[in-house]
Amino acid sequence: MMIKYIGYTFTVAPKEPATEILIAQLGFAGFESFVENEDGVTAYIQENDWNEQILNTIQILNSEEFNFTIKEEVIEQTNWNSEWEKNFNPIQVDGKVSVRAPFHENPNLEFDIVIEPKMSFGTGHHETTHMMIQHLLSLDLANKKVLDMGCGTGILAIFTEMKGAKPIDAIDIDTWCYENSLENVQRNNCKHITVFEGDATLLINKKYDVIIANINRNILLNDMQAYMNCLNKDGIILFSGFYKEDIPIIDAEVSKYQLKLDTVIERNNWVALKYLK
């Protein structure tokens with residue numbers, strides 16, 4: 001059965017912090033995937049989950065502080081891969097890691113990650129994924145037990161296995177992300193990654209040496225206790241998915257658990273934080 005998606009392209013002025021709030025509220029309303037651009041964001045929801053009044057629940061659209069223009073379109077699932085083939089360019093991180101689609105030439109760097117993103121988040125192009133790869137490059141992950149929370153395409157979980165981590169759990173609440181991660185794990189011949197569809201409730205009685213959480217700020221704050229409960233002694237947490245202005249909010253919450261902020265990477269006002277237990 002062909003799945004249809006409804007896509008809304010939001011042009012936002014000023015873009016921040018409105019876009020982050022908009023994405024969070026759209027997520028609660030049932031939108032599954034988001035692609036940010038210079039002017040705002042495009043959000044996608046399955047046609048079966050859509051109704052004509054769905055945007056009436058998005059409070060920020062009524063704010064007098066921001067201006068929004070909205071374009072709606074119906075998207076066929078079968079067209080998505082061809083769109084990625086036209087628009088997904090290969091990237092390199094610090095001259096060591098390549099992220100590319102199967103139809104791109106291999107640049108023969110130290111690490112080569114091959115993904116086919118479809119509608120999931122995390123192609124490496126977004127600042128947060130790029131910075132998380134930079135953090136992981138600096139870590140010794142040999143035989144470390146890793147959690148990739150909000151795994152998107154599975155790119156970070158795949159990279160940790162390439163660096164010697166095992167076993168690795170990759171979790172995402174989005175069905176598209178779950179299915180896409182399974183495909184990409186197989187595509188990169190990974191043997192130590194288990195992909196789960198779900199949220200932080202899956203972390204009960206789990207333990208990890210390294211936790212990667214690239215999710216929006218509000219979800220990070222809401223699930224902080226769950227992350228702390230499953231972090232091993234001398235463990236490391238990498239957080240991203242938020243802006244430089246959010247650092248004090250995140251840091252205040254993490255500090256309650258006696259973790260120390262070790263390294264901050266910034267890219268176009270997005271940040272990725274490394275904490276040590």
# chains A, B, ... in the order shown; residues from 1 in each chain; ligands from 1
$ residues_around --residues "Glu245 in chain A" --least-positions-apart "3" --cutoff "9 Å" --atoms "only C-alpha atoms" --output "list in words"
Phe242, Pro248, Ile249, Asn269 and Trp270 of chain A
$ write_last_selection --atoms "N, CA and C atoms" --output "PDB file, in the first residue's frame"
ATOM      1  N   PHE A 242      20.059  21.409  20.093  1.00  0.00           N
ATOM      2  CA  PHE A 242      19.596  22.686  20.648  1.00  0.00           C
ATOM      3  C   PHE A 242      20.631  23.766  20.356  1.00  0.00           C
ATOM      4  N   PRO A 248      22.829  27.023  29.237  1.00  0.00           N
ATOM      5  CA  PRO A 248      22.599  27.142  30.688  1.00  0.00           C
ATOM      6  C   PRO A 248      21.437  26.284  31.182  1.00  0.00           C
ATOM      7  N   ILE A 249      20.399  26.120  30.369  1.00  0.00           N
ATOM      8  CA  ILE A 249      19.240  25.314  30.773  1.00  0.00           C
ATOM      9  C   ILE A 249      19.623  23.841  30.852  1.00  0.00           C
ATOM     10  N   ASN A 269      25.470  28.367  15.499  1.00  0.00           N
ATOM     11  CA  ASN A 269      24.655  28.595  16.692  1.00  0.00           C
ATOM     12  C   ASN A 269      24.066  27.314  17.292  1.00  0.00           C
ATOM     13  N   TRP A 270      24.184  26.172  16.594  1.00  0.00           N
ATOM     14  CA  TRP A 270      23.852  24.896  17.199  1.00  0.00           C
ATOM     15  C   TRP A 270      25.058  24.451  18.031  1.00  0.00           C
TER      16      TRP A 270
END
$ residues_around --residues "Leu238 in chain A" --least-positions-apart "6" --cutoff "7 Å" --atoms "only C-alpha atoms" --output "number ranges by chain"
A: 211-213, 272-275
$ write_last_selection --atoms "C-alpha atoms" --output "short mmCIF file (atom, residue, chain, number, x, y, z; two decimals), in the first residue's frame"
data_model
loop_
_atom_site.label_atom_id
_atom_site.label_comp_id
_atom_site.auth_asym_id
_atom_site.auth_seq_id
_atom_site.Cartn_x
_atom_site.Cartn_y
_atom_site.Cartn_z
CA ILE A 211 25.15 7.88 25.60
CA ILE A 212 24.45 9.92 22.46
CA ALA A 213 21.26 11.99 22.55
CA ALA A 272 26.97 19.69 20.98
CA LEU A 273 28.03 19.13 24.59
CA LYS A 274 30.23 16.44 26.09
CA TYR A 275 29.65 15.56 29.76
#
$ select_by_dssp --residues "range 83-238 of chain A" --states "strand (DSSP E or B)" --output "NGL selection string"
:A and (91-93 or 97-100 or 111-114 or 146-149 or 168-172 or 193-197 or 208-214 or 231-238)
$ residues_around --residues "Ala101 in chain A" --least-positions-apart "4" --cutoff "6 Å" --atoms "only C-alpha atoms" --output "list in words"
Val114, Ile115 and Glu116 of chain A
$ residues_around --residues "Ile236 in chain A" --least-positions-apart "2" --cutoff "12 Å" --atoms "only C-alpha atoms" --output "JSON, numbers by chain"
{"A": [135, 136, 139, 140, 141, 144, 145, 146, 147, 207, 208, 209, 210, 211, 212, 213, 227, 228, 230, 231, 232, 233, 234, 238, 239, 259, 260, 261, 262, 263, 273, 274, 275, 276, 277]}
$ select_by_dssp --residues "range 15-161 of chain A" --states "helix (DSSP H, G or I)" --output "PyMOL selection string"
chain A and resi 18-29+47-49+54-57+59-62+77-87+127-137+155-161
$ residues_around --residues "Ile193 in chain A" --least-positions-apart "3" --cutoff "10 Å" --atoms "only C-alpha atoms" --output "PDB file with N, CA, C and O atoms, in the first residue's frame"
ATOM      1  N   VAL A 146      27.171   1.421  23.934  1.00  0.00           N
ATOM      2  CA  VAL A 146      26.717   2.734  23.484  1.00  0.00           C
ATOM      3  C   VAL A 146      25.205   2.756  23.274  1.00  0.00           C
ATOM      4  O   VAL A 146      24.613   1.783  22.796  1.00  0.00           O
ATOM      5  N   LEU A 147      24.614   3.883  23.614  1.00  0.00           N
ATOM      6  CA  LEU A 147      23.219   4.175  23.301  1.00  0.00           C
ATOM      7  C   LEU A 147      23.166   5.353  22.342  1.00  0.00           C
ATOM      8  O   LEU A 147      23.741   6.406  22.612  1.00  0.00           O
ATOM      9  N   ASP A 148      22.472   5.183  21.212  1.00  0.00           N
ATOM     10  CA  ASP A 148      22.185   6.279  20.284  1.00  0.00           C
ATOM     11  C   ASP A 148      20.697   6.571  20.389  1.00  0.00           C
ATOM     12  O   ASP A 148      19.870   5.875  19.810  1.00  0.00           O
ATOM     13  N   GLY A 154      20.437   6.320  11.874  1.00  0.00           N
ATOM     14  CA  GLY A 154      21.364   5.361  12.469  1.00  0.00           C
ATOM     15  C   GLY A 154      22.817   5.715  12.242  1.00  0.00           C
ATOM     16  O   GLY A 154      23.717   4.957  12.611  1.00  0.00           O
ATOM     17  N   ALA A 157      25.148   5.636  15.435  1.00  0.00           N
ATOM     18  CA  ALA A 157      25.334   4.265  15.912  1.00  0.00           C
ATOM     19  C   ALA A 157      26.293   3.518  14.994  1.00  0.00           C
ATOM     20  O   ALA A 157      27.196   2.802  15.450  1.00  0.00           O
ATOM     21  N   ILE A 158      26.116   3.682  13.695  1.00  0.00           N
ATOM     22  CA  ILE A 158      26.990   3.025  12.712  1.00  0.00           C
ATOM     23  C   ILE A 158      28.433   3.482  12.900  1.00  0.00           C
ATOM     24  O   ILE A 158      29.364   2.666  12.887  1.00  0.00           O
ATOM     25  N   THR A 160      29.844   4.614  15.622  1.00  0.00           N
ATOM     26  CA  THR A 160      30.435   4.074  16.856  1.00  0.00           C
ATOM     27  C   THR A 160      30.892   2.635  16.667  1.00  0.00           C
ATOM     28  O   THR A 160      31.928   2.228  17.201  1.00  0.00           O
ATOM     29  N   GLU A 161      30.138   1.839  15.896  1.00  0.00           N
ATOM     30  CA  GLU A 161      30.601   0.467  15.643  1.00  0.00           C
ATOM     31  C   GLU A 161      31.875   0.483  14.818  1.00  0.00           C
ATOM     32  O   GLU A 161      32.796  -0.319  15.062  1.00  0.00           O
ATOM     33  N   ALA A 165      32.932   0.205  19.081  1.00  0.00           N
ATOM     34  CA  ALA A 165      31.948   0.062  20.151  1.00  0.00           C
ATOM     35  C   ALA A 165      31.121  -1.213  19.964  1.00  0.00           C
ATOM     36  O   ALA A 165      30.847  -1.623  18.839  1.00  0.00           O
ATOM     37  N   LYS A 166      30.732  -1.818  21.067  1.00  0.00           N
ATOM     38  CA  LYS A 166      29.806  -2.951  21.060  1.00  0.00           C
ATOM     39  C   LYS A 166      29.462  -3.335  22.497  1.00  0.00           C
ATOM     40  O   LYS A 166      30.321  -3.201  23.382  1.00  0.00           O
ATOM     41  N   PRO A 167      28.201  -3.727  22.725  1.00  0.00           N
ATOM     42  CA  PRO A 167      27.057  -3.642  21.821  1.00  0.00           C
ATOM     43  C   PRO A 167      26.506  -2.215  21.780  1.00  0.00           C
ATOM     44  O   PRO A 167      26.830  -1.386  22.632  1.00  0.00           O
ATOM     45  N   ILE A 168      25.651  -1.943  20.811  1.00  0.00           N
ATOM     46  CA  ILE A 168      25.087  -0.605  20.607  1.00  0.00           C
ATOM     47  C   ILE A 168      23.576  -0.720  20.466  1.00  0.00           C
ATOM     48  O   ILE A 168      23.084  -1.550  19.695  1.00  0.00           O
ATOM     49  N   ASP A 169      22.861   0.098  21.213  1.00  0.00           N
ATOM     50  CA  ASP A 169      21.411   0.209  21.061  1.00  0.00           C
ATOM     51  C   ASP A 169      21.089   1.519  20.361  1.00  0.00           C
ATOM     52  O   ASP A 169      21.607   2.577  20.747  1.00  0.00           O
ATOM     53  N   ALA A 170      20.242   1.458  19.335  1.00  0.00           N
ATOM     54  CA  ALA A 170      19.794   2.649  18.613  1.00  0.00           C
ATOM     55  C   ALA A 170      18.279   2.725  18.734  1.00  0.00           C
ATOM     56  O   ALA A 170      17.576   1.764  18.388  1.00  0.00           O
ATOM     57  N   SER A 181      16.892   3.087   9.906  1.00  0.00           N
ATOM     58  CA  SER A 181      18.088   2.682  10.651  1.00  0.00           C
ATOM     59  C   SER A 181      18.385   1.204  10.442  1.00  0.00           C
ATOM     60  O   SER A 181      19.545   0.812  10.270  1.00  0.00           O
ATOM     61  N   LEU A 182      17.352   0.371  10.453  1.00  0.00           N
ATOM     62  CA  LEU A 182      17.554  -1.054  10.193  1.00  0.00           C
ATOM     63  C   LEU A 182      18.221  -1.270   8.837  1.00  0.00           C
ATOM     64  O   LEU A 182      19.158  -2.071   8.703  1.00  0.00           O
ATOM     65  N   VAL A 185      21.914   0.060   8.937  1.00  0.00           N
ATOM     66  CA  VAL A 185      22.765  -0.841   9.715  1.00  0.00           C
ATOM     67  C   VAL A 185      23.191  -2.026   8.864  1.00  0.00           C
ATOM     68  O   VAL A 185      24.368  -2.419   8.832  1.00  0.00           O
ATOM     69  N   GLN A 186      22.241  -2.601   8.133  1.00  0.00           N
ATOM     70  CA  GLN A 186      22.550  -3.722   7.251  1.00  0.00           C
ATOM     71  C   GLN A 186      23.444  -3.281   6.099  1.00  0.00           C
ATOM     72  O   GLN A 186      24.396  -3.983   5.732  1.00  0.00           O
ATOM     73  N   CYS A 190      26.959  -3.756   9.772  1.00  0.00           N
ATOM     74  CA  CYS A 190      27.137  -3.687  11.220  1.00  0.00           C
ATOM     75  C   CYS A 190      26.595  -4.955  11.888  1.00  0.00           C
ATOM     76  O   CYS A 190      25.524  -5.445  11.525  1.00  0.00           O
ATOM     77  N   PHE A 196      15.694  -0.188  18.025  1.00  0.00           N
ATOM     78  CA  PHE A 196      14.405  -0.287  18.691  1.00  0.00           C
ATOM     79  C   PHE A 196      13.517   0.889  18.283  1.00  0.00           C
ATOM     80  O   PHE A 196      14.013   2.008  18.099  1.00  0.00           O
TER      81      PHE A 196
END
$ closest_residue --among "A:Asp174, A:Glu52, A:Glu65, A:Glu266" --to "Ala18 in chain A" --atoms "only C-alpha atoms"
A:Glu65
$ atom_distance --atom1 "CA of Thr129 in chain A" --atom2 "CA of Arg217 in chain A"
14.9 Å
$ atom_distance --atom1 "CA of Ala142 in chain A" --atom2 "CA of Asn229 in chain A"
22.5 Å
$ closest_residue --among "A:Gly30, A:Gly95, A:Gly198, A:Gly164" --to "Gly150 in chain A" --atoms "only C-alpha atoms"
A:Gly198
